[in-house]
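Peer 1: Data: query-v4.pdb, PDB, C-alpha atoms.
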ATOM      1  CA  MET Y   1       7.088 -24.165-174.602  1.00  0.00           C
ATOM      2  CA  ALA Y   2       9.394 -23.690-171.672  1.00  0.00           C
ATOM      3  CA  ALA Y   3       9.500 -26.512-169.161  1.00  0.00           C
ATOM      4  CA  ASP Y   4       6.862 -26.313-166.469  1.00  0.00           C
ATOM      5  CA  MET Y   5       7.084 -26.199-162.684  1.00  0.00           C
ATOM      6  CA  GLY Y   6       9.300 -29.281-162.253  1.00  0.00           C
ATOM      7  CA  MET Y   7      12.290 -27.300-163.485  1.00  0.00           C
ATOM      8  CA  VAL Y   8      13.893 -24.522-161.474  1.00  0.00           C
ATOM      9  CA  PHE Y   9      13.646 -21.382-163.596  1.00  0.00           C
ATOM     10  CA  PRO Y  10      17.040 -19.601-163.718  1.00  0.00           C
ATOM     11  CA  LEU Y  11      16.929 -15.803-163.618  1.00  0.00           C
ATOM     12  CA  PRO Y  12      19.906 -14.004-165.144  1.00  0.00           C
ATOM     13  CA  PRO Y  13      21.126 -10.689-163.724  1.00  0.00           C
ATOM     14  CA  GLY Y  14      18.869  -7.901-164.971  1.00  0.00           C
ATOM     15  CA  ALA Y  15      15.727 -10.035-165.234  1.00  0.00           C
ATOM     16  CA  THR Y  16      14.026  -7.498-162.961  1.00  0.00           C
ATOM     17  CA  GLY Y  17      14.949  -4.648-165.312  1.00  0.00           C
ATOM     18  CA  PHE Y  18      17.478  -3.230-162.845  1.00  0.00           C
ATOM     19  CA  PHE Y  19      21.186  -3.305-163.616  1.00  0.00           C
ATOM     20  CA  ARG Y  20      24.456  -1.753-162.561  1.00  0.00           C
ATOM     21  CA  PRO Y  21      25.775   0.733-165.125  1.00  0.00           C
ATOM     22  CA  GLN Y  22      29.312  -0.597-164.632  1.00  0.00           C
ATOM     23  CA  ASP Y  23      28.115  -3.999-165.936  1.00  0.00           C
ATOM     24  CA  GLY Y  24      26.975  -2.449-169.208  1.00  0.00           C
ATOM     25  CA  PRO Y  25      23.474  -2.324-170.651  1.00  0.00           C
ATOM     26  CA  LEU Y  26      21.060  -5.228-170.450  1.00  0.00           C
ATOM     27  CA  PRO Y  27      20.485  -7.339-173.540  1.00  0.00           C
ATOM     28  CA  GLU Y  28      17.528  -6.384-175.727  1.00  0.00           C
ATOM     29  CA  THR Y  29      14.913  -8.779-177.013  1.00  0.00           C
ATOM     30  CA  ASP Y  30      14.789  -8.805-180.819  1.00  0.00           C
ATOM     31  CA  ARG Y  31      11.775  -6.588-181.520  1.00  0.00           C
ATOM     32  CA  ARG Y  32      11.749  -7.508-185.202  1.00  0.00           C
ATOM     33  CA  ALA Y  33      11.491 -11.213-184.307  1.00  0.00           C
ATOM     34  CA  LEU Y  34       8.732 -10.324-181.838  1.00  0.00           C
ATOM     35  CA  ARG Y  35       6.706  -8.492-184.506  1.00  0.00           C
ATOM     36  CA  THR Y  36       7.161 -11.362-186.951  1.00  0.00           C
ATOM     37  CA  ALA Y  37       5.985 -13.848-184.317  1.00  0.00           C
ATOM     38  CA  LEU Y  38       3.042 -11.620-183.385  1.00  0.00           C
ATOM     39  CA  TYR Y  39       1.747 -11.488-186.948  1.00  0.00           C
ATOM     40  CA  ALA Y  40       2.271 -15.229-187.410  1.00  0.00           C
ATOM     41  CA  ALA Y  41       0.372 -15.857-184.160  1.00  0.00           C
ATOM     42  CA  ALA Y  42      -2.479 -13.567-185.219  1.00  0.00           C
ATOM     43  CA  ARG Y  43      -2.774 -15.412-188.534  1.00  0.00           C
ATOM     44  CA  ALA Y  44      -2.769 -18.757-186.715  1.00  0.00           C
ATOM     45  CA  ALA Y  45      -5.494 -17.433-184.387  1.00  0.00           C
ATOM     46  CA  GLY Y  46      -7.560 -16.188-187.322  1.00  0.00           C
ATOM     47  CA  GLY Y  47      -7.286 -12.679-185.945  1.00  0.00           C
ATOM     48  CA  GLN Y  48      -5.165  -9.568-186.132  1.00  0.00           C
ATOM     49  CA  VAL Y  49      -2.512  -7.676-184.189  1.00  0.00           C
ATOM     50  CA  ASP Y  50      -3.641  -4.465-182.497  1.00  0.00           C
ATOM     51  CA  GLU Y  51      -2.019  -1.971-180.155  1.00  0.00           C
ATOM     52  CA  ILE Y  52       1.659  -2.889-180.237  1.00  0.00           C
ATOM     53  CA  GLU Y  53       3.417  -0.918-177.511  1.00  0.00           C
ATOM     54  CA  GLU Y  54       7.161  -1.104-177.080  1.00  0.00           C
ATOM     55  CA  ARG Y  55       8.620  -1.020-173.611  1.00  0.00           C
ATOM     56  CA  HIS Y  56       8.882   2.350-171.945  1.00  0.00           C
ATOM     57  CA  CYS Y  57      10.632   3.001-168.673  1.00  0.00           C
ATOM     58  CA  PRO Y  58      10.053   1.702-166.045  1.00  0.00           C
ATOM     59  CA  ARG Y  59       8.249  -1.301-167.588  1.00  0.00           C
ATOM     60  CA  THR Y  60      10.277  -4.430-168.275  1.00  0.00           C
ATOM     61  CA  TYR Y  61       8.168  -5.669-171.202  1.00  0.00           C
ATOM     62  CA  HIS Y  62       6.608  -4.926-174.583  1.00  0.00           C
ATOM     63  CA  THR Y  63       2.874  -5.521-175.125  1.00  0.00           C
ATOM     64  CA  ALA Y  64       0.595  -6.263-178.042  1.00  0.00           C
ATOM     65  CA  THR Y  65      -3.003  -7.300-178.411  1.00  0.00           C
ATOM     66  CA  VAL Y  66      -4.113 -10.171-180.628  1.00  0.00           C
ATOM     67  CA  THR Y  67      -7.825  -9.916-181.387  1.00  0.00           C
ATOM     68  CA  ARG Y  68     -10.220 -12.354-182.957  1.00  0.00           C
ATOM     69  CA  GLY Y  69     -13.707 -10.936-183.042  1.00  0.00           C
ATOM     70  CA  ALA Y  70     -14.500  -9.808-179.502  1.00  0.00           C
ATOM     71  CA  ALA Y  71     -11.768 -11.999-177.981  1.00  0.00           C
ATOM     72  CA  ARG Y  72      -8.606 -10.147-176.956  1.00  0.00           C
ATOM     73  CA  THR Y  73      -5.365 -11.654-175.698  1.00  0.00           C
ATOM     74  CA  ILE Y  74      -2.559  -9.479-174.396  1.00  0.00           C
ATOM     75  CA  VAL Y  75       0.910 -10.691-175.366  1.00  0.00           C
ATOM     76  CA  LEU Y  76       3.723  -9.709-173.014  1.00  0.00           C
ATOM     77  CA  CYS Y  77       7.335  -9.992-174.130  1.00  0.00           C
ATOM     78  CA  HIS Y  78      10.152  -9.358-171.684  1.00  0.00           C
ATOM     79  CA  ALA Y  79      12.345  -6.509-172.953  1.00  0.00           C
ATOM     80  CA  HIS Y  80      15.642  -8.157-172.028  1.00  0.00           C
ATOM     81  CA  GLN Y  81      15.096 -11.904-172.403  1.00  0.00           C
ATOM     82  CA  PRO Y  82      13.110 -13.843-175.038  1.00  0.00           C
ATOM     83  CA  TRP Y  83      10.247 -14.683-172.663  1.00  0.00           C
ATOM     84  CA  VAL Y  84       6.588 -14.412-173.680  1.00  0.00           C
ATOM     85  CA  ALA Y  85       3.497 -14.561-171.456  1.00  0.00           C
ATOM     86  CA  PHE Y  86      -0.210 -13.938-171.948  1.00  0.00           C
ATOM     87  CA  ALA Y  87      -2.781 -11.907-170.018  1.00  0.00           C
ATOM     88  CA  GLY Y  88      -6.415 -10.918-170.350  1.00  0.00           C
ATOM     89  CA  ALA Y  89      -5.935  -7.184-169.709  1.00  0.00           C
ATOM     90  CA  ARG Y  90      -3.261  -4.525-170.000  1.00  0.00           C
ATOM     91  CA  ARG Y  91      -1.703  -3.463-166.718  1.00  0.00           C
ATOM     92  CA  ASP Y  92       1.406  -1.618-165.598  1.00  0.00           C
ATOM     93  CA  GLN Y  93       2.648  -4.677-163.772  1.00  0.00           C
ATOM     94  CA  TYR Y  94       1.532  -8.233-163.244  1.00  0.00           C
ATOM     95  CA  THR Y  95       1.598 -10.607-160.303  1.00  0.00           C
ATOM     96  CA  ASP Y  96      -0.746 -13.527-160.986  1.00  0.00           C
ATOM     97  CA  GLU Y  97      -3.089 -12.289-163.728  1.00  0.00           C
ATOM     98  CA  PHE Y  98      -1.546 -14.480-166.424  1.00  0.00           C
ATOM     99  CA  LEU Y  99      -3.389 -16.746-168.846  1.00  0.00           C
ATOM    100  CA  ALA Y 100      -2.454 -20.201-170.059  1.00  0.00           C
ATOM    101  CA  PRO Y 101      -0.711 -19.990-173.437  1.00  0.00           C
ATOM    102  CA  PRO Y 102      -3.270 -20.044-176.272  1.00  0.00           C
ATOM    103  CA  PRO Y 103      -3.109 -22.688-179.033  1.00  0.00           C
ATOM    104  CA  TRP Y 104      -1.248 -20.277-181.306  1.00  0.00           C
ATOM    105  CA  ALA Y 105       1.571 -19.669-178.773  1.00  0.00           C
ATOM    106  CA  GLY Y 106       3.754 -22.116-180.708  1.00  0.00           C
ATOM    107  CA  CYS Y 107       4.401 -19.307-183.213  1.00  0.00           C
ATOM    108  CA  PHE Y 108       6.535 -17.618-180.553  1.00  0.00           C
ATOM    109  CA  THR Y 109       8.429 -20.808-179.783  1.00  0.00           C
ATOM    110  CA  ALA Y 110       9.112 -21.279-183.501  1.00  0.00           C
ATOM    111  CA  ALA Y 111      10.555 -17.734-183.562  1.00  0.00           C
ATOM    112  CA  GLY Y 112      12.979 -18.482-180.710  1.00  0.00           C
ATOM    113  CA  PHE Y 113      10.988 -17.230-177.713  1.00  0.00           C
ATOM    114  CA  ASP Y 114      10.318 -19.181-174.526  1.00  0.00           C
ATOM    115  CA  VAL Y 115       6.592 -19.273-173.840  1.00  0.00           C
ATOM    116  CA  LEU Y 116       6.023 -19.175-170.100  1.00  0.00           C
ATOM    117  CA  THR Y 117       3.086 -21.053-168.646  1.00  0.00           C
ATOM    118  CA  ARG Y 118       0.654 -19.738-166.084  1.00  0.00           C
ATOM    119  CA  GLY Y 119       2.091 -22.238-163.592  1.00  0.00           C
ATOM    120  CA  GLN Y 120       5.640 -21.017-164.104  1.00  0.00           C
ATOM    121  CA  LEU Y 121       4.624 -17.382-163.726  1.00  0.00           C
ATOM    122  CA  ALA Y 122       2.700 -18.131-160.523  1.00  0.00           C
ATOM    123  CA  ALA Y 123       5.676 -19.989-159.034  1.00  0.00           C
ATOM    124  CA  PRO Y 124       6.851 -18.543-155.722  1.00  0.00           C
ATOM    125  CA  LEU Y 125      10.372 -17.166-155.751  1.00  0.00           C
ATOM    126  CA  SER Y 126      11.424 -20.032-153.477  1.00  0.00           C
ATOM    127  CA  GLN Y 127      11.013 -22.300-156.532  1.00  0.00           C
ATOM    128  CA  VAL Y 128      13.077 -20.039-158.805  1.00  0.00           C
ATOM    129  CA  ASP Y 129      16.861 -19.971-159.153  1.00  0.00           C
ATOM    130  CA  ALA Y 130      17.377 -16.292-158.415  1.00  0.00           C
ATOM    131  CA  SER Y 131      20.966 -16.681-157.231  1.00  0.00           C
ATOM    132  CA  ALA Y 132      22.311 -14.516-160.089  1.00  0.00           C
ATOM    133  CA  LEU Y 133      20.208 -11.480-159.167  1.00  0.00           C
ATOM    134  CA  THR Y 134      22.252  -8.605-157.820  1.00  0.00           C
ATOM    135  CA  PRO Y 135      21.814  -7.171-154.307  1.00  0.00           C
ATOM    136  CA  ALA Y 136      20.193  -4.081-155.891  1.00  0.00           C
ATOM    137  CA  GLU Y 137      17.665  -6.316-157.657  1.00  0.00           C
ATOM    138  CA  TRP Y 138      16.872  -8.134-154.426  1.00  0.00           C
ATOM    139  CA  ARG Y 139      16.259  -4.774-152.723  1.00  0.00           C
ATOM    140  CA  GLN Y 140      13.718  -3.944-155.438  1.00  0.00           C
ATOM    141  CA  VAL Y 141      12.062  -7.369-155.142  1.00  0.00           C
ATOM    142  CA  ARG Y 142      11.666  -6.890-151.397  1.00  0.00           C
ATOM    143  CA  TYR Y 143      10.621  -3.239-151.661  1.00  0.00           C
ATOM    144  CA  HIS Y 144       7.896  -4.013-154.226  1.00  0.00           C
ATOM    145  CA  ARG Y 145       6.895  -7.193-152.388  1.00  0.00           C
ATOM    146  CA  ALA Y 146       7.172  -9.373-155.476  1.00  0.00           C
ATOM    147  CA  THR Y 147       6.529 -12.982-154.508  1.00  0.00           C
ATOM    148  CA  THR Y 148       6.147 -14.760-157.860  1.00  0.00           C
ATOM    149  CA  LEU Y 149       8.240 -15.262-160.964  1.00  0.00           C
ATOM    150  CA  GLY Y 150       5.669 -13.326-163.016  1.00  0.00           C
ATOM    151  CA  GLY Y 151       5.769 -10.434-160.572  1.00  0.00           C
ATOM    152  CA  VAL Y 152       9.546 -10.205-160.899  1.00  0.00           C
ATOM    153  CA  LEU Y 153       9.631 -10.474-164.700  1.00  0.00           C
ATOM    154  CA  PHE Y 154       6.689  -8.286-165.753  1.00  0.00           C
ATOM    155  CA  ASN Y 155       6.911  -5.186-163.602  1.00  0.00           C
ATOM    156  CA  ALA Y 156       6.952  -1.393-163.787  1.00  0.00           C
ATOM    157  CA  TRP Y 157       9.059  -0.642-160.743  1.00  0.00           C
ATOM    158  CA  ASP Y 158      10.668   2.743-160.544  1.00  0.00           C
TER     159      ASP Y 158
END
Write out the structure in this file as C-alpha cells.

Peer 2:
Amino acid sequence: MAADMGMVFPLPPGATGFFRPQDGPLPETDRRALRTALYAAARAAGGQVDEIEERHCPRTYHTATVTRGAARTIVLCHAHQPWVAFAGARRDQYTDEFLAPPPWAGCFTAAGFDVLTRGQLAAPLSQVDASALTPAEWRQVRYHRATTLGGVLFNAWD
C-alpha cells in the first residue's frame, strides 16, 4: 500500500481532472488492469464484482462494488492515475467518507495500483505536495472548497 501520512503525497498536474488542452490529454488508468484486479479482489474476499461503472464526465474516477453476502464495498479508481480508494456508499464526489483498505486490497497493489489509506485521503492539502497543480486547478480547488487529498482526487466538479 502507498506510504501513509508521514510522506508528502505528490500530486501531478491533472490530478483534479482539469487540464489545459495545449498540454495534451491526461493519462488514462489501465481499465483492463483495474477489471483484472477487481475480480481478483472479489475472489480474495469470497465475493463478487457488481455494478462496474466507468468514469463519466465530470467525475474523476471509475467505481465498482465488491459484495460478499450483505456486505458491500465501493472501489474507487482514479481515472488518470493508478490510485485506488474504498468507500461504503456511492456518491458523486467524496471528501472524508473513505474506508480503510480491506484485507483484499493487496490485489490492487499486486496489479500495479497504489492503495490509498483513509489517513492519506483525509490529509489536509497543507500536508500534500500540490506544487505541480496548475493555476486553473487551484481555482477549481478553491471554488469547490476542497480541503483534503480525497476531496481533490475523487470529485465530480464541472

Peer 1: Run the PyMOL selection byres ((chain Y and resi 29-43) around 8) on the file and write out the hits as a PDB file with C-alpha atoms, in the frame of the given file.

Peer 2:
ATOM      1  CA  PRO Y  27      20.485  -7.339-173.540  1.00  0.00           C
ATOM      2  CA  GLU Y  28      17.528  -6.384-175.727  1.00  0.00           C
ATOM      3  CA  ALA Y  44      -2.769 -18.757-186.715  1.00  0.00           C
ATOM      4  CA  ALA Y  45      -5.494 -17.433-184.387  1.00  0.00           C
ATOM      5  CA  GLY Y  46      -7.560 -16.188-187.322  1.00  0.00           C
ATOM      6  CA  GLY Y  47      -7.286 -12.679-185.945  1.00  0.00           C
ATOM      7  CA  GLN Y  48      -5.165  -9.568-186.132  1.00  0.00           C
ATOM      8  CA  VAL Y  49      -2.512  -7.676-184.189  1.00  0.00           C
ATOM      9  CA  ALA Y  64       0.595  -6.263-178.042  1.00  0.00           C
ATOM     10  CA  VAL Y  66      -4.113 -10.171-180.628  1.00  0.00           C
ATOM     11  CA  THR Y  67      -7.825  -9.916-181.387  1.00  0.00           C
ATOM     12  CA  CYS Y  77       7.335  -9.992-174.130  1.00  0.00           C
ATOM     13  CA  HIS Y  78      10.152  -9.358-171.684  1.00  0.00           C
ATOM     14  CA  ALA Y  79      12.345  -6.509-172.953  1.00  0.00           C
ATOM     15  CA  HIS Y  80      15.642  -8.157-172.028  1.00  0.00           C
ATOM     16  CA  GLN Y  81      15.096 -11.904-172.403  1.00  0.00           C
ATOM     17  CA  PRO Y  82      13.110 -13.843-175.038  1.00  0.00           C
ATOM     18  CA  TRP Y 104      -1.248 -20.277-181.306  1.00  0.00           C
ATOM     19  CA  ALA Y 105       1.571 -19.669-178.773  1.00  0.00           C
ATOM     20  CA  GLY Y 106       3.754 -22.116-180.708  1.00  0.00           C
ATOM     21  CA  CYS Y 107       4.401 -19.307-183.213  1.00  0.00           C
ATOM     22  CA  PHE Y 108       6.535 -17.618-180.553  1.00  0.00           C
ATOM     23  CA  ALA Y 111      10.555 -17.734-183.562  1.00  0.00           C
TER      24      ALA Y 111
END

Peer 1: Between atom CA of Leu125 of chain Y and atom CA of Phe154 of chain Y, what is the distance, to one decimal in Å?

Peer 2: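 Spanning atom CA of Leu125 of chain Y to atom CA of Phe154 of chain Y is a straight-line distance of 13.9 Å.
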
Peer 1: Step by step, work through what the PyMOL selection byres ((chain Y and resi 92-95) around 7) selects in the shown file, and finish by giving those residues as a list of chain:residue names.

Peer 2: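 Taken over the shown coordinates, the PyMOL selection byres ((chain Y and resi 92-95) around 7) returns Y:Arg91, Y:Asp96, Y:Glu97, Y:Thr148, Y:Gly150, Y:Gly151, Y:Phe154, Y:Asn155, Y:Ala156.
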
Peer 1: Smallest atom-to-atom distance to Thr134 of chain Y: which of Y:Ala85, Y:Ala15, Y:Leu116, Y:Val8, using all atoms listed in the file?

Peer 2: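 Smallest separation from Thr134 of chain Y among the options: Y:Ala15.
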
Peer 1: Between Y:Ala89, Y:Thr16, Y:Thr73, Y:Pro102, which is the closest to Ala146 of chain Y once you count all atoms listed in the file?

Peer 2: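 Comparing Y:Ala89, Y:Thr16, Y:Thr73, Y:Pro102 against Ala146 of chain Y, the winner is Y:Thr16.
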